$ cat target-v6.pdb   # PDB, C-alpha atoms
ATOM      1  CA  ASN A   1     -24.119  28.924 202.013  1.00  0.00           C
ATOM      2  CA  LEU A   2     -24.653  26.869 198.910  1.00  0.00           C
ATOM      3  CA  CYS A   3     -26.819  23.769 198.916  1.00  0.00           C
ATOM      4  CA  GLY A   4     -27.464  21.233 196.214  1.00  0.00           C
ATOM      5  CA  TYR A   5     -30.117  18.685 195.449  1.00  0.00           C
ATOM      6  CA  GLU A   6     -29.658  15.778 193.100  1.00  0.00           C
ATOM      7  CA  TYR A   7     -32.648  15.423 190.806  1.00  0.00           C
ATOM      8  CA  LYS A   8     -32.753  12.164 188.893  1.00  0.00           C
ATOM      9  CA  ASP A   9     -36.097  12.342 187.125  1.00  0.00           C
ATOM     10  CA  ILE A  10     -37.363  14.002 183.969  1.00  0.00           C
ATOM     11  CA  CYS A  11     -36.559  17.684 183.443  1.00  0.00           C
ATOM     12  CA  PHE A  12     -37.263  20.127 180.618  1.00  0.00           C
ATOM     13  CA  ARG A  13     -35.462  23.394 179.962  1.00  0.00           C
ATOM     14  CA  LEU A  14     -37.889  25.957 178.569  1.00  0.00           C
ATOM     15  CA  ASP A  15     -35.754  28.683 177.053  1.00  0.00           C
ATOM     16  CA  SER A  16     -37.203  29.063 173.561  1.00  0.00           C
ATOM     17  CA  VAL A  17     -40.405  28.698 171.589  1.00  0.00           C
ATOM     18  CA  GLN A  18     -39.105  25.402 170.217  1.00  0.00           C
ATOM     19  CA  SER A  19     -38.412  23.957 173.677  1.00  0.00           C
ATOM     20  CA  TYR A  20     -41.841  25.105 174.944  1.00  0.00           C
ATOM     21  CA  PHE A  21     -43.489  23.454 171.946  1.00  0.00           C
ATOM     22  CA  LYS A  22     -41.462  20.257 172.314  1.00  0.00           C
ATOM     23  CA  PHE A  23     -42.202  20.021 176.065  1.00  0.00           C
ATOM     24  CA  ASN A  24     -45.958  20.456 175.644  1.00  0.00           C
ATOM     25  CA  LEU A  25     -46.152  17.790 172.967  1.00  0.00           C
ATOM     26  CA  ALA A  26     -43.982  15.491 175.114  1.00  0.00           C
ATOM     27  CA  THR A  27     -46.708  15.580 177.767  1.00  0.00           C
ATOM     28  CA  LEU A  28     -48.920  13.612 175.375  1.00  0.00           C
ATOM     29  CA  ASP A  29     -46.824  10.584 176.357  1.00  0.00           C
ATOM     30  CA  THR A  30     -48.462   8.974 179.408  1.00  0.00           C
ATOM     31  CA  ASP A  31     -45.102   7.976 180.902  1.00  0.00           C
ATOM     32  CA  VAL A  32     -43.778  11.553 180.686  1.00  0.00           C
ATOM     33  CA  ARG A  33     -46.986  12.905 182.275  1.00  0.00           C
ATOM     34  CA  HIS A  34     -46.825  10.444 185.170  1.00  0.00           C
ATOM     35  CA  ARG A  35     -43.162  11.258 185.814  1.00  0.00           C
ATOM     36  CA  LEU A  36     -43.818  15.023 185.762  1.00  0.00           C
ATOM     37  CA  PHE A  37     -47.029  14.895 187.782  1.00  0.00           C
ATOM     38  CA  PRO A  38     -46.911  11.908 190.149  1.00  0.00           C
ATOM     39  CA  GLU A  39     -50.108  11.123 192.066  1.00  0.00           C
ATOM     40  CA  ASP A  40     -48.441  11.738 195.424  1.00  0.00           C
ATOM     41  CA  LYS A  41     -47.440  15.296 194.391  1.00  0.00           C
ATOM     42  CA  PRO A  42     -50.520  16.881 192.790  1.00  0.00           C
ATOM     43  CA  VAL A  43     -50.375  20.189 190.943  1.00  0.00           C
ATOM     44  CA  TYR A  44     -53.314  22.523 191.473  1.00  0.00           C
ATOM     45  CA  THR A  45     -54.494  25.255 189.137  1.00  0.00           C
ATOM     46  CA  LYS A  46     -56.997  28.096 189.269  1.00  0.00           C
ATOM     47  CA  VAL A  47     -60.560  26.795 189.363  1.00  0.00           C
ATOM     48  CA  ARG A  48     -62.768  27.598 186.400  1.00  0.00           C
ATOM     49  CA  ASP A  49     -66.056  25.789 186.674  1.00  0.00           C
ATOM     50  CA  ASP A  50     -66.816  24.861 183.085  1.00  0.00           C
ATOM     51  CA  LEU A  51     -68.993  22.177 181.658  1.00  0.00           C
ATOM     52  CA  PRO A  52     -67.231  19.012 180.510  1.00  0.00           C
ATOM     53  CA  THR A  53     -65.876  19.102 176.983  1.00  0.00           C
ATOM     54  CA  ARG A  54     -68.508  18.342 174.380  1.00  0.00           C
ATOM     55  CA  TYR A  55     -67.535  15.992 171.557  1.00  0.00           C
ATOM     56  CA  VAL A  56     -70.049  15.846 168.706  1.00  0.00           C
ATOM     57  CA  GLU A  57     -70.655  12.539 167.004  1.00  0.00           C
ATOM     58  CA  GLU A  58     -68.706  13.367 163.833  1.00  0.00           C
ATOM     59  CA  CYS A  59     -65.544  14.648 165.560  1.00  0.00           C
ATOM     60  CA  GLU A  60     -62.242  12.798 165.635  1.00  0.00           C
ATOM     61  CA  CYS A  61     -59.730  13.053 168.489  1.00  0.00           C
ATOM     62  CA  SER A  62     -56.570  11.060 169.039  1.00  0.00           C
ATOM     63  CA  ASN A  63     -53.479  11.312 171.241  1.00  0.00           C
ATOM     64  CA  SER A  64     -54.454  14.716 172.654  1.00  0.00           C
ATOM     65  CA  LEU A  65     -54.951  16.425 176.000  1.00  0.00           C
ATOM     66  CA  ILE A  66     -58.212  18.367 175.955  1.00  0.00           C
ATOM     67  CA  ALA A  67     -59.284  20.447 178.956  1.00  0.00           C
ATOM     68  CA  ASN A  68     -62.825  21.003 180.178  1.00  0.00           C
ATOM     69  CA  GLY A  69     -65.200  23.531 178.640  1.00  0.00           C
ATOM     70  CA  CYS A  70     -64.211  22.826 175.032  1.00  0.00           C
ATOM     71  CA  MET A  71     -66.476  22.170 172.041  1.00  0.00           C
ATOM     72  CA  ILE A  72     -64.933  19.699 169.611  1.00  0.00           C
ATOM     73  CA  GLU A  73     -66.772  19.296 166.308  1.00  0.00           C
ATOM     74  CA  GLY A  74     -63.760  18.801 164.013  1.00  0.00           C
ATOM     75  CA  THR A  75     -60.505  16.831 164.195  1.00  0.00           C
ATOM     76  CA  VAL A  76     -57.852  17.086 166.916  1.00  0.00           C
ATOM     77  CA  ILE A  77     -54.686  14.983 166.584  1.00  0.00           C
ATOM     78  CA  ASN A  78     -51.502  15.055 168.738  1.00  0.00           C
ATOM     79  CA  SER A  79     -52.383  18.361 170.360  1.00  0.00           C
ATOM     80  CA  VAL A  80     -52.729  20.095 173.721  1.00  0.00           C
ATOM     81  CA  ILE A  81     -56.017  21.989 173.984  1.00  0.00           C
ATOM     82  CA  PHE A  82     -56.622  24.388 176.889  1.00  0.00           C
ATOM     83  CA  ARG A  83     -59.984  25.270 178.493  1.00  0.00           C
ATOM     84  CA  GLY A  84     -62.845  26.720 176.494  1.00  0.00           C
ATOM     85  CA  VAL A  85     -61.421  26.093 173.011  1.00  0.00           C
ATOM     86  CA  LYS A  86     -63.841  25.654 170.104  1.00  0.00           C
ATOM     87  CA  VAL A  87     -62.873  23.472 167.141  1.00  0.00           C
ATOM     88  CA  ALA A  88     -65.636  23.842 164.537  1.00  0.00           C
ATOM     89  CA  LYS A  89     -66.951  21.258 162.128  1.00  0.00           C
ATOM     90  CA  GLY A  90     -64.466  20.485 159.372  1.00  0.00           C
ATOM     91  CA  ALA A  91     -61.585  22.153 161.239  1.00  0.00           C
ATOM     92  CA  VAL A  92     -58.330  20.232 161.737  1.00  0.00           C
ATOM     93  CA  VAL A  93     -55.875  20.773 164.602  1.00  0.00           C
ATOM     94  CA  LYS A  94     -52.682  18.698 164.396  1.00  0.00           C
ATOM     95  CA  ASN A  95     -49.474  18.794 166.437  1.00  0.00           C
ATOM     96  CA  SER A  96     -50.461  22.093 168.038  1.00  0.00           C
ATOM     97  CA  ILE A  97     -50.945  23.908 171.342  1.00  0.00           C
ATOM     98  CA  VAL A  98     -54.179  25.889 171.522  1.00  0.00           C
ATOM     99  CA  MET A  99     -54.574  28.061 174.604  1.00  0.00           C
ATOM    100  CA  GLN A 100     -57.651  29.130 176.533  1.00  0.00           C
ATOM    101  CA  ASP A 101     -60.812  30.286 174.704  1.00  0.00           C
ATOM    102  CA  ALA A 102     -59.268  30.184 171.221  1.00  0.00           C
ATOM    103  CA  GLN A 103     -61.414  29.343 168.192  1.00  0.00           C
ATOM    104  CA  ILE A 104     -60.650  27.297 165.113  1.00  0.00           C
ATOM    105  CA  GLN A 105     -63.492  28.033 162.733  1.00  0.00           C
ATOM    106  CA  GLU A 106     -65.112  25.807 160.151  1.00  0.00           C
ATOM    107  CA  GLY A 107     -62.768  24.354 157.542  1.00  0.00           C
ATOM    108  CA  ALA A 108     -59.626  25.869 159.117  1.00  0.00           C
ATOM    109  CA  GLU A 109     -56.461  23.804 159.487  1.00  0.00           C
ATOM    110  CA  ILE A 110     -53.472  24.293 161.778  1.00  0.00           C
ATOM    111  CA  ASP A 111     -50.385  22.119 162.086  1.00  0.00           C
ATOM    112  CA  HIS A 112     -47.364  22.808 164.330  1.00  0.00           C
ATOM    113  CA  CYS A 113     -48.829  26.005 165.766  1.00  0.00           C
ATOM    114  CA  ILE A 114     -49.052  27.688 169.162  1.00  0.00           C
ATOM    115  CA  LEU A 115     -52.191  29.809 169.545  1.00  0.00           C
ATOM    116  CA  ASP A 116     -52.339  32.120 172.549  1.00  0.00           C
ATOM    117  CA  LYS A 117     -55.505  32.935 174.497  1.00  0.00           C
ATOM    118  CA  GLN A 118     -58.616  34.091 172.640  1.00  0.00           C
ATOM    119  CA  SER A 119     -56.985  33.907 169.210  1.00  0.00           C
ATOM    120  CA  VAL A 120     -59.160  32.995 166.227  1.00  0.00           C
ATOM    121  CA  ILE A 121     -58.350  31.159 163.026  1.00  0.00           C
ATOM    122  CA  ARG A 122     -61.117  32.162 160.630  1.00  0.00           C
ATOM    123  CA  ARG A 123     -63.087  29.923 158.342  1.00  0.00           C
ATOM    124  CA  ASN A 124     -60.928  27.985 155.831  1.00  0.00           C
ATOM    125  CA  GLY A 125     -57.676  29.514 157.159  1.00  0.00           C
ATOM    126  CA  ARG A 126     -54.519  27.378 156.980  1.00  0.00           C
ATOM    127  CA  LEU A 127     -51.406  27.659 159.134  1.00  0.00           C
ATOM    128  CA  ILE A 128     -48.899  24.870 158.557  1.00  0.00           C
ATOM    129  CA  ALA A 129     -45.318  24.992 159.806  1.00  0.00           C
ATOM    130  CA  PRO A 130     -42.402  22.575 160.166  1.00  0.00           C
ATOM    131  CA  ALA A 131     -42.009  20.921 163.575  1.00  0.00           C
ATOM    132  CA  ALA A 132     -38.699  22.715 164.205  1.00  0.00           C
ATOM    133  CA  TYR A 133     -40.255  26.191 163.787  1.00  0.00           C
ATOM    134  CA  PRO A 134     -43.859  26.294 164.997  1.00  0.00           C
ATOM    135  CA  ILE A 135     -46.008  29.297 164.108  1.00  0.00           C
ATOM    136  CA  VAL A 136     -46.888  31.433 167.159  1.00  0.00           C
ATOM    137  CA  ILE A 137     -50.117  33.462 167.152  1.00  0.00           C
ATOM    138  CA  ALA A 138     -50.356  36.151 169.831  1.00  0.00           C
ATOM    139  CA  LYS A 139     -53.218  36.709 172.270  1.00  0.00           C
ATOM    140  CA  ASN A 140     -56.487  38.095 170.792  1.00  0.00           C
ATOM    141  CA  VAL A 141     -55.259  37.896 167.175  1.00  0.00           C
ATOM    142  CA  VAL A 142     -57.716  37.013 164.406  1.00  0.00           C
ATOM    143  CA  ILE A 143     -56.320  35.372 161.267  1.00  0.00           C
TER
END

$ encode --input "target-v6.pdb" --output "structure tokens"
Amino acid sequence: NLCGYEYKDICFRLDSVQSYFKFNLATLDTDVRHRLFPEDKPVYTKVRDDLPTRYVEECECSNSLIANGCMIEGTVINSVIFRGVKVAKGAVVKNSIVMQDAQIQEGAEIDHCILDKQSVIRRNGRLIAPAAYPIVIAKNVVI
């Protein structure tokens, strides 16, 4: 037997690094987020009891999703930041996806990057890519 279901709402096909990157940054749009995750159909994730994210007075954040447990001392713009990420003073994260427990050290800059879990961008490092071809840093890599 073959059954079908007509789906008329938003849908993303994740079949490449570029589509994964594009989808994650699309979730920065409130309308897209509400259509993907309506209040009447909640999505649950594994519990990790972290402190709320700490934003120091000098930091700058705009148009970003930042999970709990982060420490934001630098600048985060148009990015998706997972739990436990540390963005040090003077660091800049733009148009990027930074996964769990990664670190962007002092003076580092990333733009159009995907950092996997526990990766580290060392002090004054720079990773800048075009939007069509984001740089992907593997899990536990230090640059």

$ residues_around --input "target-v6.pdb" --residues "Ile128 of chain A" --least-positions-apart "2" --cutoff "9 Å" --atoms "all atoms listed in the file" --output "JSON, numbers by chain"
{"A": [109, 110, 111, 112, 113, 126, 130, 134, 135]}

$ atom_distance --input "target-v6.pdb" --atom1 "atom CA of Ile77 of chain A" --atom2 "atom CA of Asn95 of chain A"
6.5 Å

$ resolve_selection --input "target-v6.pdb" --expression "the PyMOL selection byres ((chain A and resi 48-58) around 8)" --output "compact mmCIF listing (two decimals) with C-alpha atoms, in the coordinates of the input"
# COMPACT_ATOMS: atom_id res chain seq x y z
CA LYS A 46 -57.00 28.10 189.27
CA VAL A 47 -60.56 26.80 189.36
CA CYS A 59 -65.54 14.65 165.56
CA GLU A 60 -62.24 12.80 165.64
CA ILE A 66 -58.21 18.37 175.96
CA ALA A 67 -59.28 20.45 178.96
CA ASN A 68 -62.82 21.00 180.18
CA GLY A 69 -65.20 23.53 178.64
CA CYS A 70 -64.21 22.83 175.03
CA MET A 71 -66.48 22.17 172.04
CA ILE A 72 -64.93 19.70 169.61
CA GLU A 73 -66.77 19.30 166.31
CA GLY A 74 -63.76 18.80 164.01
CA GLY A 84 -62.84 26.72 176.49

$ resolve_selection --input "target-v6.pdb" --expression "the PyMOL selection byres ((chain A and resi 22) around 12)" --output "ChimeraX atom specification"
/A:12-21,23-29,78-80,95-97,112-114,131-134

$ write_last_selection --input "target-v6.pdb" --atoms "C-alpha atoms" --output "PDB file, in the coordinates of the input"
ATOM      1  CA  PHE A  12     -37.263  20.127 180.618  1.00  0.00           C
ATOM      2  CA  ARG A  13     -35.462  23.394 179.962  1.00  0.00           C
ATOM      3  CA  LEU A  14     -37.889  25.957 178.569  1.00  0.00           C
ATOM      4  CA  ASP A  15     -35.754  28.683 177.053  1.00  0.00           C
ATOM      5  CA  SER A  16     -37.203  29.063 173.561  1.00  0.00           C
ATOM      6  CA  VAL A  17     -40.405  28.698 171.589  1.00  0.00           C
ATOM      7  CA  GLN A  18     -39.105  25.402 170.217  1.00  0.00           C
ATOM      8  CA  SER A  19     -38.412  23.957 173.677  1.00  0.00           C
ATOM      9  CA  TYR A  20     -41.841  25.105 174.944  1.00  0.00           C
ATOM     10  CA  PHE A  21     -43.489  23.454 171.946  1.00  0.00           C
ATOM     11  CA  PHE A  23     -42.202  20.021 176.065  1.00  0.00           C
ATOM     12  CA  ASN A  24     -45.958  20.456 175.644  1.00  0.00           C
ATOM     13  CA  LEU A  25     -46.152  17.790 172.967  1.00  0.00           C
ATOM     14  CA  ALA A  26     -43.982  15.491 175.114  1.00  0.00           C
ATOM     15  CA  THR A  27     -46.708  15.580 177.767  1.00  0.00           C
ATOM     16  CA  LEU A  28     -48.920  13.612 175.375  1.00  0.00           C
ATOM     17  CA  ASP A  29     -46.824  10.584 176.357  1.00  0.00           C
ATOM     18  CA  ASN A  78     -51.502  15.055 168.738  1.00  0.00           C
ATOM     19  CA  SER A  79     -52.383  18.361 170.360  1.00  0.00           C
ATOM     20  CA  VAL A  80     -52.729  20.095 173.721  1.00  0.00           C
ATOM     21  CA  ASN A  95     -49.474  18.794 166.437  1.00  0.00           C
ATOM     22  CA  SER A  96     -50.461  22.093 168.038  1.00  0.00           C
ATOM     23  CA  ILE A  97     -50.945  23.908 171.342  1.00  0.00           C
ATOM     24  CA  HIS A 112     -47.364  22.808 164.330  1.00  0.00           C
ATOM     25  CA  CYS A 113     -48.829  26.005 165.766  1.00  0.00           C
ATOM     26  CA  ILE A 114     -49.052  27.688 169.162  1.00  0.00           C
ATOM     27  CA  ALA A 131     -42.009  20.921 163.575  1.00  0.00           C
ATOM     28  CA  ALA A 132     -38.699  22.715 164.205  1.00  0.00           C
ATOM     29  CA  TYR A 133     -40.255  26.191 163.787  1.00  0.00           C
ATOM     30  CA  PRO A 134     -43.859  26.294 164.997  1.00  0.00           C
TER      31      PRO A 134
END

$ residues_around --input "target-v6.pdb" --residues "Asp101 of chain A" --least-positions-apart "3" --cutoff "6 Å" --atoms "only C-alpha atoms" --output "JSON, numbers by chain"
{"A": [84, 85, 117, 118]}

$ closest_residue --input "target-v6.pdb" --among "A:Ile121, A:Ile137, A:Leu2, A:Leu65" --to "Ala88 of chain A" --atoms "all atoms listed in the file"
A:Ile121

$ closest_residue --input "target-v6.pdb" --among "A:Ala102, A:Val120, A:Thr45, A:Gly107" --to "Lys89 of chain A" --atoms "all atoms listed in the file"
A:Gly107

$ resolve_selection --input "target-v6.pdb" --expression "the PyMOL selection byres ((chain A and resi 99) around 6)" --output "number ranges by chain"
A: 82, 98, 100, 115-117

$ atom_distance --input "target-v6.pdb" --atom1 "atom CA of Val87 of chain A" --atom2 "atom CA of Ala129 of chain A"
19.1 Å

$ axis_aligned_box --input "target-v6.pdb" --around "segment 28-32 of chain A" --padding-each-side "5 Å" --output "AutoDock Vina command-line options"
--center_x -46.3 --center_y 10.8 --center_z 178.1 --size_x 15.1 --size_y 15.6 --size_z 15.5

$ residues_around --input "target-v6.pdb" --residues "Cys11 of chain A" --least-positions-apart "3" --cutoff "9 Å" --atoms "only C-alpha atoms" --output "VMD selection string"
chain A and resid 7 to 8 36

$ decode --input "target-v6.pdb" --residues "segment 34-122 of chain A" --atoms "C-alpha atoms" --output "PDB file, in the first residue's frame"
ATOM      1  CA  HIS A  34       7.189  29.914  13.939  1.00  0.00           C
ATOM      2  CA  ARG A  35       6.197  27.955  10.828  1.00  0.00           C
ATOM      3  CA  LEU A  36       8.760  25.210  11.537  1.00  0.00           C
ATOM      4  CA  PHE A  37       8.103  25.007  15.270  1.00  0.00           C
ATOM      5  CA  PRO A  38       4.482  25.976  15.967  1.00  0.00           C
ATOM      6  CA  GLU A  39       3.488  26.342  19.626  1.00  0.00           C
ATOM      7  CA  ASP A  40       0.948  23.528  19.388  1.00  0.00           C
ATOM      8  CA  LYS A  41       3.635  21.065  18.186  1.00  0.00           C
ATOM      9  CA  PRO A  42       6.654  21.535  20.471  1.00  0.00           C
ATOM     10  CA  VAL A  43      10.022  19.952  19.740  1.00  0.00           C
ATOM     11  CA  TYR A  44      11.909  18.595  22.734  1.00  0.00           C
ATOM     12  CA  THR A  45      15.646  18.086  23.022  1.00  0.00           C
ATOM     13  CA  LYS A  46      18.018  16.443  25.477  1.00  0.00           C
ATOM     14  CA  VAL A  47      18.138  18.338  28.761  1.00  0.00           C
ATOM     15  CA  ARG A  48      21.423  19.961  29.696  1.00  0.00           C
ATOM     16  CA  ASP A  49      21.019  22.081  32.778  1.00  0.00           C
ATOM     17  CA  ASP A  50      23.281  25.034  32.079  1.00  0.00           C
ATOM     18  CA  LEU A  51      23.265  28.510  33.458  1.00  0.00           C
ATOM     19  CA  PRO A  52      21.643  31.175  31.289  1.00  0.00           C
ATOM     20  CA  THR A  53      23.898  32.744  28.693  1.00  0.00           C
ATOM     21  CA  ARG A  54      26.067  35.498  30.105  1.00  0.00           C
ATOM     22  CA  TYR A  55      26.398  38.677  28.053  1.00  0.00           C
ATOM     23  CA  VAL A  56      29.096  41.060  29.281  1.00  0.00           C
ATOM     24  CA  GLU A  57      28.454  44.768  29.083  1.00  0.00           C
ATOM     25  CA  GLU A  58      30.743  45.403  26.100  1.00  0.00           C
ATOM     26  CA  CYS A  59      29.389  42.598  23.880  1.00  0.00           C
ATOM     27  CA  GLU A  60      27.259  43.141  20.798  1.00  0.00           C
ATOM     28  CA  CYS A  61      24.626  40.672  19.576  1.00  0.00           C
ATOM     29  CA  SER A  62      22.099  41.094  16.802  1.00  0.00           C
ATOM     30  CA  ASN A  63      19.780  38.845  14.796  1.00  0.00           C
ATOM     31  CA  SER A  64      21.136  35.638  16.346  1.00  0.00           C
ATOM     32  CA  LEU A  65      19.891  32.539  18.140  1.00  0.00           C
ATOM     33  CA  ILE A  66      22.045  31.897  21.198  1.00  0.00           C
ATOM     34  CA  ALA A  67      21.444  28.853  23.402  1.00  0.00           C
ATOM     35  CA  ASN A  68      21.889  28.654  27.157  1.00  0.00           C
ATOM     36  CA  GLY A  69      25.251  28.165  28.846  1.00  0.00           C
ATOM     37  CA  CYS A  70      27.174  30.497  26.533  1.00  0.00           C
ATOM     38  CA  MET A  71      29.589  33.293  27.462  1.00  0.00           C
ATOM     39  CA  ILE A  72      29.397  36.197  25.027  1.00  0.00           C
ATOM     40  CA  GLU A  73      32.077  38.860  25.452  1.00  0.00           C
ATOM     41  CA  GLY A  74      32.603  39.757  21.778  1.00  0.00           C
ATOM     42  CA  THR A  75      30.333  40.345  18.776  1.00  0.00           C
ATOM     43  CA  VAL A  76      27.758  37.915  17.373  1.00  0.00           C
ATOM     44  CA  ILE A  77      25.806  38.921  14.253  1.00  0.00           C
ATOM     45  CA  ASN A  78      23.384  36.815  12.137  1.00  0.00           C
ATOM     46  CA  SER A  79      24.500  33.541  13.677  1.00  0.00           C
ATOM     47  CA  VAL A  80      23.217  30.376  15.336  1.00  0.00           C
ATOM     48  CA  ILE A  81      25.124  29.603  18.536  1.00  0.00           C
ATOM     49  CA  PHE A  82      24.661  26.242  20.283  1.00  0.00           C
ATOM     50  CA  ARG A  83      24.978  25.525  24.030  1.00  0.00           C
ATOM     51  CA  GLY A  84      28.143  26.267  25.956  1.00  0.00           C
ATOM     52  CA  VAL A  85      29.902  28.354  23.291  1.00  0.00           C
ATOM     53  CA  LYS A  86      32.433  30.973  24.402  1.00  0.00           C
ATOM     54  CA  VAL A  87      32.971  34.103  22.305  1.00  0.00           C
ATOM     55  CA  ALA A  88      35.881  36.007  23.876  1.00  0.00           C
ATOM     56  CA  LYS A  89      36.404  39.734  24.086  1.00  0.00           C
ATOM     57  CA  GLY A  90      37.242  41.247  20.713  1.00  0.00           C
ATOM     58  CA  ALA A  91      36.107  38.134  18.819  1.00  0.00           C
ATOM     59  CA  VAL A  92      33.636  38.505  15.939  1.00  0.00           C
ATOM     60  CA  VAL A  93      31.189  35.821  14.784  1.00  0.00           C
ATOM     61  CA  LYS A  94      29.155  36.726  11.688  1.00  0.00           C
ATOM     62  CA  ASN A  95      26.823  34.660   9.507  1.00  0.00           C
ATOM     63  CA  SER A  96      27.980  31.431  11.138  1.00  0.00           C
ATOM     64  CA  ILE A  97      26.828  28.270  12.905  1.00  0.00           C
ATOM     65  CA  VAL A  98      28.835  27.463  16.027  1.00  0.00           C
ATOM     66  CA  MET A  99      28.042  24.125  17.639  1.00  0.00           C
ATOM     67  CA  GLN A 100      28.158  23.003  21.252  1.00  0.00           C
ATOM     68  CA  ASP A 101      31.100  23.958  23.511  1.00  0.00           C
ATOM     69  CA  ALA A 102      33.151  25.602  20.753  1.00  0.00           C
ATOM     70  CA  GLN A 103      35.445  28.533  21.551  1.00  0.00           C
ATOM     71  CA  ILE A 104      36.210  31.675  19.603  1.00  0.00           C
ATOM     72  CA  GLN A 105      39.205  33.187  21.343  1.00  0.00           C
ATOM     73  CA  GLU A 106      40.163  36.811  21.781  1.00  0.00           C
ATOM     74  CA  GLY A 107      40.511  38.810  18.572  1.00  0.00           C
ATOM     75  CA  ALA A 108      39.421  35.914  16.321  1.00  0.00           C
ATOM     76  CA  GLU A 109      36.979  36.493  13.471  1.00  0.00           C
ATOM     77  CA  ILE A 110      34.770  34.034  11.601  1.00  0.00           C
ATOM     78  CA  ASP A 111      32.328  34.755   8.796  1.00  0.00           C
ATOM     79  CA  HIS A 112      30.269  32.158   6.885  1.00  0.00           C
ATOM     80  CA  CYS A 113      31.617  29.228   8.891  1.00  0.00           C
ATOM     81  CA  ILE A 114      30.243  26.050  10.448  1.00  0.00           C
ATOM     82  CA  LEU A 115      32.161  24.993  13.564  1.00  0.00           C
ATOM     83  CA  ASP A 116      31.442  21.526  14.923  1.00  0.00           C
ATOM     84  CA  LYS A 117      31.412  20.615  18.618  1.00  0.00           C
ATOM     85  CA  GLN A 118      34.361  21.573  20.819  1.00  0.00           C
ATOM     86  CA  SER A 119      36.297  23.229  17.998  1.00  0.00           C
ATOM     87  CA  VAL A 120      38.522  26.197  18.838  1.00  0.00           C
ATOM     88  CA  ILE A 121      39.494  29.231  16.808  1.00  0.00           C
ATOM     89  CA  ARG A 122      42.645  30.524  18.482  1.00  0.00           C
TER      90      ARG A 122
END
